[in-house]
Every structure is written in C-alpha cells, then in structure tokens.
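Participant: I'd like to ask some things about the structure below.
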Amino acid sequence: MSDEPTIETSETDLARHAEKMAKKKAARDKIMATKTGEKGLIIVHTGKGKGKSSSAFGMIFRHIAHGKKCAVVQFIKGAMSTGERDLILRHFSDLCEFHTMGEGFTWETQDKARDIAMAKAAWDRAKELIRDPANSMVLLDEVNIAIRYDYIDFAEVLEFLATEKPPMTHVVLTGRNAKDELIELADLVTEMELVKHPFRSGIKAQIGVEY
C-alpha cells in the first residue's frame, strides 16, 4: 500500500471546479478586452532587496529574443566583469548597445569629481540612446544611485523622461532609493524587499548569482 497522500475528487467536485474556473476565465477575458492601449513605459526597480538589475536584464533579453533593438547604460558598475555584459557583447552586440560608464561604487573610486564626470557622460549617452527611434528599450542601470548622490541633475532627468522620451520607447531605471517624483512619473514600479541575504551570513558575491 502506498504511503503517498491521495486527493479524492468526485464528479461533483470536478464539475464545481470547472464551473469556478470558467467564471474566472470569463471575468479575466472581460478585463483583458479593455486593455488595448500600448505605450513606451517608464519602469522603476528599486528597494533594498536583490534582483533590481537582474529583473531589468530579463526584459533586455526578452527584447533581444524578439529581435528588438535595445541598449544598456551602467552608471555605477564597471570595475567587475558581469555575465550579462559579457554575453551581450559576445553574442548580441548587433541588437543591444552596452555602455559601462561607471568605474565602480563611489567608495571604490574615492574620486568624487571623476564619479560626477562619468555619471554626466553616462546620462548624455543615455539621452542619445533614448532619443534614437531604433531602440525599443533603454536600461539605465543604477541610475538611482547617481541621482541620490547628486551626480546628475534629477530635475533634468524628470523633464527629459516627461517631455523628450519617444512615445513608444521603454526606459528602465534601477537602483535603491528611487525618489518619490520618479515613482510618481513612472508607469510601473517594483520595490524589491530584503528578507534574507547570504552576505549577512558571511557569504561573498558569487559568480552566476550576483554577477
């Protein structure tokens, strides 16, 4: 006799389940029928939890998979090679421009003037890529950090996104501490919540997980 638990389903239970799911599908289809618009989204990934850039790169790889042109500008990261950058540059550079403009986190460079200059150069490049109608999506990785430290003019970022971003271009902005005004402007905002992280248990950043 098997020790595996069994789930007994009578014909009545199956019929009740089918009816319930049919009602859910009808309600869902009714909602989806009203969702016909399209627009270029402003997408913000913020919060203290891990996964902000990882999720954003997931969308970049979706664009690549669909043969859509896209671009990445990294504002802070740069001192360390990453799997995403290596893969894109090696195999998909025809579909995705990749610009690592930062030189690492500010406590690594210890040169505020250089950090500011690099961040401003990254923002100038980002504007060019967003304006380019060939790009369907542009990822501004860790731009919220550059904004937080006042390395770039936040008012200018807001004004550009509100008035110059092409209507069908998606722009993704990642990094902790996204400002309230950016959250208000955005169409899609996700806050990554930190529950547990191995770093707190003495585990270093590992290849294939963090980079």
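Convention: chains lettered A, B, ... in structure tokens order; per-chain residue numbering from 1; ligands numbered from 1 as shown.
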Among stretch 11-202 of chain A, which ones does DSSP assign to helix (DSSP H, G or I) (computed from the backbone)? Answer as a ChimeraX atom specification.

Facilitator: /A:11-33,52-65,83-91,106-109,112-131,143-148,154-163,180-185,198-201

Participant: Using only C-alpha atoms, determine which residues lie at most 12 Å from A:Tyr149, disregarding the query and same-chain residues fewer than 4 positions distant; provide the list as a list of chain:residue names.

Facilitator: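 Answer for this query is A:Phe75, A:Ile76, A:Phe105, A:Thr106, A:Lys112, A:Ala113, A:Asp115, A:Ile116, A:Ala119, A:Glu142, A:Val143, A:Asn144, A:Ile145, A:Asp153, A:Phe154, A:Gly175, A:Arg176, A:Asn177, A:Ala178, A:Lys179.
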
Participant: Which residues are near stretch 183-193 of chain A? Cut-off 12 Å, only C-alpha atoms, ignore same chain within fewer than 5 positions. Put them as a PyMOL selection string.

Facilitator: chain A and resi 38-56+144+157-163+170-178

Participant: Given the selection you just returned, output its residues as a file containing C-alpha atoms, formatted as an mmCIF file, in the first residue's frame.

Facilitator:
data_model
loop_
_atom_site.group_PDB
_atom_site.id
_atom_site.type_symbol
_atom_site.label_atom_id
_atom_site.label_comp_id
_atom_site.auth_asym_id
_atom_site.auth_seq_id
_atom_site.Cartn_x
_atom_site.Cartn_y
_atom_site.Cartn_z
ATOM 1 C CA GLU A 38 0.194 50.495 -25.938
ATOM 2 C CA LYS A 39 2.852 52.975 -24.857
ATOM 3 C CA GLY A 40 6.500 53.177 -24.010
ATOM 4 C CA LEU A 41 6.721 52.585 -20.277
ATOM 5 C CA ILE A 42 8.852 54.241 -17.629
ATOM 6 C CA ILE A 43 9.796 51.330 -15.372
ATOM 7 C CA VAL A 44 11.471 51.659 -11.972
ATOM 8 C CA HIS A 45 13.095 48.835 -9.984
ATOM 9 C CA THR A 46 14.080 49.996 -6.526
ATOM 10 C CA GLY A 47 14.285 48.829 -2.925
ATOM 11 C CA LYS A 48 16.910 47.237 -0.671
ATOM 12 C CA GLY A 49 16.365 43.703 -1.934
ATOM 13 C CA LYS A 50 18.385 41.834 -4.536
ATOM 14 C CA GLY A 51 17.060 41.493 -8.079
ATOM 15 C CA LYS A 52 16.636 45.028 -9.416
ATOM 16 C CA SER A 53 19.198 44.806 -12.196
ATOM 17 C CA SER A 54 18.594 41.086 -12.708
ATOM 18 C CA SER A 55 14.926 41.697 -13.438
ATOM 19 C CA ALA A 56 15.745 44.603 -15.746
ATOM 20 C CA ASN A 144 19.075 55.967 -8.981
ATOM 21 C CA VAL A 157 16.104 63.543 -15.707
ATOM 22 C CA LEU A 158 12.430 64.044 -14.848
ATOM 23 C CA GLU A 159 11.969 66.725 -17.517
ATOM 24 C CA PHE A 160 13.620 64.594 -20.185
ATOM 25 C CA LEU A 161 11.562 61.500 -19.395
ATOM 26 C CA ALA A 162 8.344 63.524 -19.303
ATOM 27 C CA THR A 163 8.876 65.563 -22.471
ATOM 28 C CA HIS A 170 10.540 51.833 -22.774
ATOM 29 C CA VAL A 171 13.016 53.202 -20.221
ATOM 30 C CA VAL A 172 14.022 51.115 -17.199
ATOM 31 C CA LEU A 173 15.691 52.783 -14.200
ATOM 32 C CA THR A 174 17.234 50.684 -11.430
ATOM 33 C CA GLY A 175 18.853 51.330 -8.067
ATOM 34 C CA ARG A 176 17.928 51.851 -4.443
ATOM 35 C CA ASN A 177 16.133 54.883 -3.066
ATOM 36 C CA ALA A 178 14.213 55.958 -6.138
#

Participant: Measuring between only C-alpha atoms, which one of A:Phe92, A:Gly102, A:Thr82, A:Glu156 shows the shortest distance to A:Glu210?

Facilitator: A:Thr82

Participant: Record the distance separating atom CA of A:Ala22 and atom CA of A:Gly37, expressed in Å with one decimal.

Facilitator: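 Atom CA of A:Gly37 lies 25.9 Å from atom CA of A:Ala22.
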
Participant: Considering only C-alpha atoms, return as a ChimeraX atom specification whatever protein or nucleic-acid residues lie within 9 Å of A:Lys68, sequence-local ones (same chain, fewer than 6 positions apart) excluded.

Facilitator: /A:62,95-96,134-137

Participant: Quote the spacing between atom CA of A:Phe61 and atom CA of A:Val209 in Å to one decimal place.

Facilitator: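 Separating atom CA of A:Phe61 from atom CA of A:Val209 is a distance of 16.6 Å.
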
Participant: Could you write out, as a list in words, all the residues of chain A that DSSP marks as strand (DSSP E or B)?

Facilitator: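 Filtering chain A down to strand (DSSP E or B) leaves Ile42, Ile43, Val44, His45, Thr46, Cys70, Ala71, Val72, Val73, Gln74, Cys96, Glu97, Phe98, His99, Thr100, Met137, Val138, Leu139, Leu140, Asp141, His170, Val171, Val172, Leu173, Thr174, Leu188, Val189, Thr190 and Glu191 of chain A.
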
Participant: Give me a file of those residues, with C-alpha atoms, as a short mmCIF file (atom, residue, chain, number, x, y, z; two decimals), in the first residue's frame.

Facilitator:
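Okay, out-v2.cif is ready:
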data_model
loop_
_atom_site.label_atom_id
_atom_site.label_comp_id
_atom_site.auth_asym_id
_atom_site.auth_seq_id
_atom_site.Cartn_x
_atom_site.Cartn_y
_atom_site.Cartn_z
CA ILE A 42 8.85 54.24 -17.63
CA ILE A 43 9.80 51.33 -15.37
CA VAL A 44 11.47 51.66 -11.97
CA HIS A 45 13.09 48.83 -9.98
CA THR A 46 14.08 50.00 -6.53
CA CYS A 70 17.76 47.93 -27.11
CA ALA A 71 20.58 49.48 -25.10
CA VAL A 72 22.13 49.42 -21.62
CA VAL A 73 23.94 52.22 -19.80
CA GLN A 74 25.55 51.27 -16.49
CA CYS A 96 21.96 45.72 -27.86
CA GLU A 97 24.42 48.55 -27.32
CA PHE A 98 26.13 48.18 -23.97
CA HIS A 99 27.92 51.08 -22.29
CA THR A 100 29.60 50.69 -18.91
CA MET A 137 14.09 49.79 -24.66
CA VAL A 138 16.92 51.51 -22.80
CA LEU A 139 18.09 50.30 -19.39
CA LEU A 140 19.67 52.87 -17.07
CA ASP A 141 21.31 50.53 -14.59
CA HIS A 170 10.54 51.83 -22.77
CA VAL A 171 13.02 53.20 -20.22
CA VAL A 172 14.02 51.11 -17.20
CA LEU A 173 15.69 52.78 -14.20
CA THR A 174 17.23 50.68 -11.43
CA LEU A 188 5.49 50.52 -13.47
CA VAL A 189 7.30 50.48 -10.14
CA THR A 190 8.60 47.43 -8.29
CA GLU A 191 10.21 47.64 -4.86
#

Participant: Suppose you want the space between atom CA of A:Glu84 and atom CA of A:Glu181; what is it in Å?

Facilitator: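 These atoms are spaced 29.6 Å apart.
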